[in-house]
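Working notes, beginning with the structure itself.
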Amino acid sequence: MSKRGGADDKALALAKGKRIRGAEDVLKKVQALATQLKNSKEVEKTLAELDLPYNCREVVDKDGDDVMGEIEAAMYNVAASILGGEGFAFDVPSRAKGNQMYVPELDRIVLRDAVSKRPFASTATCRKAAVTTRILGLVHELLGKNIHVTKRDLFYTDVKLFEDQSQSDAILDDLACMLGCTRSSLNVVASEKGVVVGRLSFREDGDFIDCQRMGVGGKAIPPNIDKVSDISSDASFILLVEKDAAFMRLAEDRFYNTYPCIILTAKGQPDVATRLFLKKLKSSLKIPVLALVDSDPYGLKILSVYMKGSMNMSYDSSNLTTPDIKWLGVRPSDLDRFDIPQQCRLPMTEEDIKTGKRLLEEDWIKSNPEWVRELELMLASKVKAEIQALSSFGFQYLSQVYLPLKLQEGDWI
């Protein structure tokens, strides 16, 4: 058989004194983790239950009428201020980095409640105030018609005013924070990016979806998660994959048939829809989430966004974060353990090293000694590796050897 055939891959594992047992044995530790998760009586804490020394701002899902009411109230105040001869200004919550706080009791990032003025009469904020007013009007129109558009569609309604989509996107986040609602409550969604495949079925706006029949490309994760219902699965775990290439390898090998699981990816930096979908799956199914990312600081940053939230959307971290994701691989300690060839180990850049050191300073990293050890090992060796480095042993080494061994040994942190 060719060197890159499945049988030779398993021979590599045997040569290292590791024998991959049958699927039932491989999944024993995963199933024990799932049982522990389902039997857990721990209730997720909320900001309201904590006696923090500062106030925080958090948003909730609101229906269209409620959001329209908030917009109308804001514009009524604008009109009253203008008629009173005082011009107008929006009170916009500050999402500056200094207002982002990690709360250990919640195990996620939150936004401190600090407000800044956005006056129309100031040359520094005049344009932002105009963009804010315009987008408030567009969102009100969408809610009144009960339709959804993408962020790109919204940008093209007034290209001359918005100039760049990043500017209209930022104002959308400001408005969600200002109106106290999730961004999805504004009826503006991101374009489809994430995909899912495996032992999962659900209904999307009434249509039945079977993710085992979606081919190698998988099913696009719906941008409007509210339309997902009737989630059903016999999976033992959810495998969260950083990259599309690893996702396609696992999908083509039908990894989920041998080891019942759900595989999903956001193809890099996680988008809102994928984060919402992952949280919904874990909450509904109560099964573990295991992560497969590159062994570099950016892989860990991507994983941290799923687990702890992003600075940009800290106001909505309660809806977007999935706590207790297990880091399955590829970990820095795996490079020697699995004899990853030196030619597949890439030297870390100065920026990589700076990012790694910044991660070591994060409170949530400090609270996990195993994560600290892995990061320190990475920085000491000054090498990184992609998931694809495993392909040096054979194209199917990831699905036939590496992942089964990691699952069999319960080798996650």
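Ligands are numbered from 1 in the order shown, chains are lettered A, B, ... in the order of the structure tokens, and residues start at 1 in each chain.
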_Contact residues around region 85-92 of chain A with only C-alpha atoms at 9 Å, ignoring same-chain residues under 3 positions, as a ChimeraX atom specification_ = /A:74,77-82,95,114-121,129,132,174-175,177-178
*Would you mind writing down, as a list in words, each residue of region 143-236 of chain A that DSSP on the backbone assigns to alpha helix (DSSP H)?*
Leu143, Gly144, Lys145, Lys151, Arg152, Asp153, Leu154, Phe155, Val159, Lys160, Leu161, Phe162, Gln165, Ser166, Gln167, Ser168, Asp169, Ala170, Ile171, Leu172, Asp173, Asp174, Leu175, Ala176, Cys177, Met178 and Leu179 of chain A
_Interatomic distance, CA of Gln100 (chain A) to CA of Ser317 (chain A) (Å, one decimal)_ =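 Spanning CA of Gln100 (chain A) to CA of Ser317 (chain A) is a straight-line distance of 11.0 Å.
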Can you check which parts of region 253-319 of chain A lie within 10 Å of region 29-53 of chain A? Per residue, the shortest pair of atoms and distance in Å to one decimal, counting only C-alpha atoms, sorted by chain and number, as a Markdown table.
```
| residue | atom | partner | partner_atom | distance |
| --- | --- | --- | --- | --- |
| A:Leu285 | CA | A:Lys38 | CA | 8.8 |
| A:Lys286 | CA | A:Lys38 | CA | 5.8 |
| A:Ile287 | CA | A:Ala34 | CA | 5.1 |
| A:Pro288 | CA | A:Ala34 | CA | 5.7 |
| A:Val289 | CA | A:Ala34 | CA | 9.5 |
| A:Leu290 | CA | A:Val30 | CA | 9.5 |
| A:Ser318 | CA | A:Thr46 | CA | 8.2 |
```
*How many Å lie between CA of Pro223 (chain A) and CA of Asp66 (chain A), rounded to one decimal?*
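Atom-to-atom, CA of Pro223 (chain A) to CA of Asp66 (chain A), that is 21.4 Å.
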